[in-house]
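Notes to accompany the following structure.
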Amino acid sequence: MSTGTIKKVAGPLVIATGMRDANMFDVVRVGDKRLIGEIIEMHGDEASIQVYEETSGLAPGAPVESTEAPLSVELGPGLIGSIYDGIQRPLDGIMEATGSNLLQRGVEVASLRRDRVWHFVPDVAEGDKVQGGDIIGHVQETEIVVQKIMIPPRMSGTIVSIKEGDFHITDTVAVLVTEDGSKKDIGLMQKWPVRRGRPYAEKLSPTMPLVSGQRVIDTLFPIAKGGVAAVPGPFGSGKTVVQHQLAKWADADIVVYIGCGERGNEMTDVLNEFPELKDPKTGFSLMERTVLIANTSDMPVAAREASIYTGITIAEFFRDMGYSVALMADSTSRWAEALREMSGRLEEMPGEEGYPAYLGSRLAQFYERAGRVITLGGSPREGALSVIGAVSPAGGDISEPVAQATLRIVKVFWSLDANLAYTRHFPAINWLTSYSLYIDEMEKWYGENVEKDWMELRGRMMRILSEESSLSEMVQLVGMDALSAPDRLTMETARSIREDYLHQDAFHEVDTYTSLHKQYLMMKLILGYDDICRKALSEGADIGALVALPVREQIGRFKYTQNDALESESDRITKQLVSEVNKVIAEKEDF
């Protein structure tokens, strides 16, 4: 084990000499308090170490000890429902160890509790041949999550001993004999270095959506299962509420939420709300399928850099079990700020706005770990890891480097608009500047699983919204009355799309989630109004009367209809619409 001494301390950066035998990205213990750090640069026998704890009190000459192992996370039963800091130390464990609700330095706490007992049930028998990724048994971790115990990657052989029973996380549950005759103990837990993606057999095309129940997302800008999305927006535009809605409603088995450098009170809201929220699918607490990583802005800046990797490694572990995992990173801008600070202290050549030249490649390495994959193992499973990263550009300016580097990587861009937020339109996703590049690949899925004309209706809605944007400039100049009757109808249909369809109340018990079938019926009603009224206009109907139809209120309130009454209510509104339009046409003919 290599040891050295501190030569220089510059905030979270420590330079140590005598570290010739250490390796890049080794975890080290710094000073008498044994602060945890990681080697990020080597020059001869000098190592540059980013320390993940407050470095006040460190001085030259203090000892530095390398653990000769990379920064790794513990993966096994006990992850679900846990709240970790950026380097996977459980916050409740730190509080128990120190007796204080303030983070203490140098605390060494196991990531997974060693005193908990788990009931292990084997899924294979003695004599069975297994390989890396195979499931040998399972543990019922929470009411709704079964932790599958897997053979570590790149290990194979024959099971010679396996038994059911109650075990601690460090106990051996099975013994494996490899082809060369050596015995390997298999426990409930495995470790994995955070900077290395977990291997898989094959990556699949993103052909199915991650259904979120949020209409503006599912209909206009869907994200695929295994896809990546960015949510940039200024302060107060609703980034966190969008991520909360996705965590609560997205079609994912496991949620990993990383609060990276966010304000303490914002993370407190998450920590308070998630345990209280009822999972709509199961009725249990949302924490029964969630892992939280809390790394607030007042915590040491270097730990932000690790928190992103810690979170995605945990997410990959559940993906390998065959689960669909949604990872929320809030926000990658704070992570990039940590990169910039460490780069500056290392005296590296700065790139645009002081960010390091490798900002884009680091972001790409993170987002590329998402995907829908076939897992390792003799009986492969399909797992998916979808990543939604919030971006917090200063002043809402998305031309800044982090937002631009992110946009070059992700395929879905939900552009949050401060002006929409100020007019109380939520989710404040701007339909003119947002986009999804997964649409073409998912067209077949929507046609087979929802309705054949889903994409046609979506395309019509986008065209109407685009036409409204062009017409609104003319309206501001000469007024609504100067428009032709068809153009005025376009404006009214667009208003209905905006106010009745895209506007969604996250706190309304019915409107908070809309199934794809209900979204389809809503589109049919709004565009049906447009079709019938255009036909009526061609027959001489008065545009003022068509705009003032009482049935428009019914169309707007359809989003509050309970799921068991959707079909009957849709048919009733359609009949009322036809009746009222026919009445307008008849009145015109009488006149």
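By convention here, the chains of the structure tokens are called A, B, ... in the order presented, each chain's residues are numbered starting at 1, and ligands are numbered starting at 1 in the order presented.
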
- Message: If you run DSSP on the backbone here, which positions in region 324-540 of chain A get strand (DSSP E)? Please write them as a list in words.
- Response: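 Those in region 324-540 of chain A that DSSP calls strand (DSSP E) are Ser324, Val325, Ala326, Leu327, Met328, Ala329, Asp330, Gly371, Arg372, Val373, Ile374, Glu382, Gly383, Ala384, Leu385, Ser386, Val387, Ile388, Gly389, Ala390, Val391, Val412, Phe413, Tyr435 and Ser436 of chain A.
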
Please identify all polymer residues within 12 Å of Met95 (chain A), counting only C-alpha atoms, omitting same-chain residues fewer than 4 positions from it, and present them as a compact mmCIF listing (two decimals) with N, CA and C atoms, in the first residue's frame.
```txt
# COMPACT_ATOMS: atom_id res chain seq x y z
N ILE A 83 -30.75 6.96 1.11
CA ILE A 83 -30.40 8.33 0.75
C ILE A 83 -28.89 8.48 0.98
N TYR A 84 -28.16 8.66 -0.12
CA TYR A 84 -26.70 8.70 -0.05
C TYR A 84 -26.17 10.10 -0.34
N ARG A 89 -22.13 7.35 0.72
CA ARG A 89 -22.19 7.17 2.17
C ARG A 89 -23.62 7.47 2.60
N PRO A 90 -24.29 6.54 3.30
CA PRO A 90 -25.68 6.78 3.69
C PRO A 90 -25.78 7.90 4.71
N LEU A 91 -26.66 8.87 4.44
CA LEU A 91 -26.77 10.02 5.33
C LEU A 91 -27.26 9.62 6.72
N GLY A 99 -23.79 11.12 15.71
CA GLY A 99 -24.74 11.69 16.66
C GLY A 99 -25.09 13.12 16.34
N SER A 100 -24.84 13.54 15.09
CA SER A 100 -25.11 14.92 14.69
C SER A 100 -25.82 14.91 13.35
N ASN A 101 -26.69 15.92 13.12
CA ASN A 101 -27.34 16.01 11.81
C ASN A 101 -26.53 16.87 10.84
N LEU A 102 -25.30 17.24 11.25
CA LEU A 102 -24.37 17.93 10.35
C LEU A 102 -23.33 16.92 9.87
N LEU A 103 -22.94 17.04 8.60
CA LEU A 103 -21.96 16.11 8.04
C LEU A 103 -20.61 16.30 8.72
N GLN A 104 -20.06 15.22 9.23
CA GLN A 104 -18.74 15.25 9.86
C GLN A 104 -17.70 14.75 8.86
N ARG A 105 -16.45 15.20 9.02
CA ARG A 105 -15.40 14.79 8.09
C ARG A 105 -14.76 13.47 8.53
N VAL A 107 -15.66 10.43 8.24
CA VAL A 107 -16.51 9.35 8.75
C VAL A 107 -16.48 8.18 7.76
N GLU A 108 -16.17 7.00 8.25
CA GLU A 108 -16.16 5.81 7.40
C GLU A 108 -17.39 4.97 7.73
N VAL A 109 -18.34 4.97 6.82
CA VAL A 109 -19.60 4.26 7.03
C VAL A 109 -19.82 3.33 5.83
```

Within 6 Å of region 161-165 of chain A, which residues of region 48-130 of chain A come that close, and what is the closest atom pair and distance in Å for each? Count only C-alpha atoms and give it as CSV.
```
residue,atom,partner,partner_atom,distance
A:His119,CA,A:Gly165,CA,5.6
A:Phe120,CA,A:Gly165,CA,5.5
A:Val121,CA,A:Glu164,CA,5.0
A:Pro122,CA,A:Glu164,CA,6.0
A:Glu126,CA,A:Ser161,CA,5.6
```

- Query: Residues at most 10 Å from Lys225 (chain A), counting only C-alpha atoms, excluding those fewer than 6 positions away in the same chain, as a PyMOL selection string?
  - Reply: chain A and resi 205-211+251-252+324-326+370-372+383-387

Export of the given selection (all heavy atoms) as a short mmCIF file (atom, residue, chain, number, x, y, z; two decimals), in the first residue's frame:
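Listing of selection22.cif after writing:
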```cif
data_model
loop_
_atom_site.label_atom_id
_atom_site.label_comp_id
_atom_site.auth_asym_id
_atom_site.auth_seq_id
_atom_site.Cartn_x
_atom_site.Cartn_y
_atom_site.Cartn_z
N SER A 205 -32.14 -0.88 -30.41
CA SER A 205 -32.64 0.41 -30.90
C SER A 205 -33.75 0.92 -29.98
O SER A 205 -34.56 0.13 -29.47
CB SER A 205 -33.20 0.26 -32.31
OG SER A 205 -32.18 -0.09 -33.21
N PRO A 206 -33.83 2.23 -29.77
CA PRO A 206 -34.88 2.80 -28.92
C PRO A 206 -36.20 2.91 -29.68
O PRO A 206 -36.47 3.93 -30.31
CB PRO A 206 -34.32 4.17 -28.54
CG PRO A 206 -33.42 4.52 -29.69
CD PRO A 206 -32.91 3.25 -30.29
N THR A 207 -37.01 1.86 -29.64
CA THR A 207 -38.23 1.82 -30.47
C THR A 207 -39.52 1.96 -29.68
O THR A 207 -40.59 1.99 -30.28
CB THR A 207 -38.29 0.50 -31.26
OG1 THR A 207 -38.19 -0.60 -30.34
CG2 THR A 207 -37.15 0.41 -32.27
N MET A 208 -39.44 2.00 -28.35
CA MET A 208 -40.67 2.14 -27.56
C MET A 208 -40.53 3.32 -26.60
O MET A 208 -39.45 3.60 -26.10
CB MET A 208 -40.99 0.86 -26.79
CG MET A 208 -39.97 0.45 -25.77
SD MET A 208 -40.48 -1.04 -24.86
CE MET A 208 -40.29 -2.27 -26.13
N PRO A 209 -41.64 4.06 -26.36
CA PRO A 209 -41.54 5.26 -25.53
C PRO A 209 -41.50 4.93 -24.04
O PRO A 209 -42.01 3.90 -23.60
CB PRO A 209 -42.81 6.03 -25.88
CG PRO A 209 -43.80 4.97 -26.26
CD PRO A 209 -43.00 3.87 -26.91
N LEU A 210 -40.89 5.82 -23.28
CA LEU A 210 -41.00 5.80 -21.82
C LEU A 210 -42.23 6.64 -21.49
O LEU A 210 -42.16 7.86 -21.42
CB LEU A 210 -39.74 6.39 -21.18
CG LEU A 210 -39.72 6.41 -19.65
CD1 LEU A 210 -39.51 5.01 -19.09
CD2 LEU A 210 -38.62 7.33 -19.13
N VAL A 211 -43.36 5.98 -21.33
CA VAL A 211 -44.63 6.69 -21.14
C VAL A 211 -44.62 7.40 -19.79
O VAL A 211 -44.36 6.79 -18.76
CB VAL A 211 -45.82 5.71 -21.23
CG1 VAL A 211 -47.14 6.44 -21.02
CG2 VAL A 211 -45.82 5.00 -22.59
N ASP A 251 -43.00 5.17 -16.86
CA ASP A 251 -43.15 3.71 -16.95
C ASP A 251 -41.80 3.04 -16.65
O ASP A 251 -41.20 2.40 -17.51
CB ASP A 251 -43.64 3.35 -18.36
CG ASP A 251 -43.88 1.87 -18.52
OD1 ASP A 251 -44.06 1.19 -17.50
OD2 ASP A 251 -43.87 1.40 -19.67
N ALA A 252 -41.33 3.23 -15.41
CA ALA A 252 -40.04 2.67 -14.99
C ALA A 252 -40.23 1.90 -13.69
O ALA A 252 -41.05 2.27 -12.84
CB ALA A 252 -39.02 3.79 -14.79
N SER A 324 -36.57 -1.70 -15.94
CA SER A 324 -36.54 -0.41 -16.64
C SER A 324 -36.24 0.66 -15.58
O SER A 324 -36.98 0.77 -14.60
CB SER A 324 -37.89 -0.13 -17.31
OG SER A 324 -37.92 1.19 -17.82
N VAL A 325 -35.16 1.40 -15.77
CA VAL A 325 -34.69 2.36 -14.77
C VAL A 325 -34.74 3.77 -15.36
O VAL A 325 -34.35 3.97 -16.51
CB VAL A 325 -33.25 2.04 -14.32
CG1 VAL A 325 -32.82 2.93 -13.16
CG2 VAL A 325 -33.11 0.57 -13.94
N ALA A 326 -35.24 4.72 -14.58
CA ALA A 326 -35.22 6.13 -14.98
C ALA A 326 -34.29 6.88 -14.03
O ALA A 326 -34.45 6.81 -12.81
CB ALA A 326 -36.62 6.73 -14.94
N ALA A 370 -26.56 5.37 -20.93
CA ALA A 370 -27.99 5.04 -21.04
C ALA A 370 -28.18 4.05 -22.18
O ALA A 370 -27.29 3.86 -23.02
CB ALA A 370 -28.80 6.31 -21.31
N GLY A 371 -29.34 3.42 -22.23
CA GLY A 371 -29.63 2.54 -23.36
C GLY A 371 -30.57 1.41 -22.98
O GLY A 371 -30.75 1.09 -21.80
N ARG A 372 -31.18 0.84 -24.00
CA ARG A 372 -31.99 -0.36 -23.85
C ARG A 372 -31.13 -1.53 -24.30
O ARG A 372 -30.64 -1.54 -25.43
CB ARG A 372 -33.25 -0.22 -24.71
CG ARG A 372 -34.23 -1.36 -24.59
CD ARG A 372 -35.56 -0.99 -25.26
NE ARG A 372 -36.17 -2.17 -25.87
CZ ARG A 372 -36.29 -2.35 -27.17
NH1 ARG A 372 -35.87 -1.43 -28.03
NH2 ARG A 372 -36.85 -3.44 -27.65
N GLY A 383 -33.14 -4.98 -20.37
CA GLY A 383 -33.21 -3.91 -19.38
C GLY A 383 -33.06 -2.56 -20.08
O GLY A 383 -32.55 -2.49 -21.20
N ALA A 384 -33.52 -1.52 -19.43
CA ALA A 384 -33.42 -0.18 -20.03
C ALA A 384 -33.02 0.83 -18.98
O ALA A 384 -33.48 0.77 -17.83
CB ALA A 384 -34.75 0.22 -20.66
N LEU A 385 -32.16 1.74 -19.36
CA LEU A 385 -31.75 2.85 -18.49
C LEU A 385 -31.96 4.14 -19.26
O LEU A 385 -31.29 4.41 -20.26
CB LEU A 385 -30.28 2.70 -18.08
CG LEU A 385 -29.61 3.90 -17.40
CD1 LEU A 385 -30.42 4.38 -16.21
CD2 LEU A 385 -28.19 3.56 -16.98
N SER A 386 -32.95 4.93 -18.83
CA SER A 386 -33.26 6.22 -19.46
C SER A 386 -32.72 7.32 -18.57
O SER A 386 -32.87 7.27 -17.35
CB SER A 386 -34.78 6.38 -19.61
OG SER A 386 -35.36 5.22 -20.19
N VAL A 387 -32.07 8.31 -19.17
CA VAL A 387 -31.44 9.39 -18.41
C VAL A 387 -32.07 10.73 -18.78
O VAL A 387 -32.13 11.08 -19.96
CB VAL A 387 -29.92 9.43 -18.67
CG1 VAL A 387 -29.29 10.63 -17.96
CG2 VAL A 387 -29.25 8.15 -18.21
#
```

- Message: Using only C-alpha atoms, which protein or nucleic acid residues come within 9 Å of region 304-318 of chain A? Drop anything in the same chain fewer than 3 positions from it, and give the result as a count of residues only.
- Response: 60

- Message: What's the separation between CA of Leu112 (chain A) and CA of Gly78 (chain A), in Å to one decimal place?
- Response: 5.9 Å
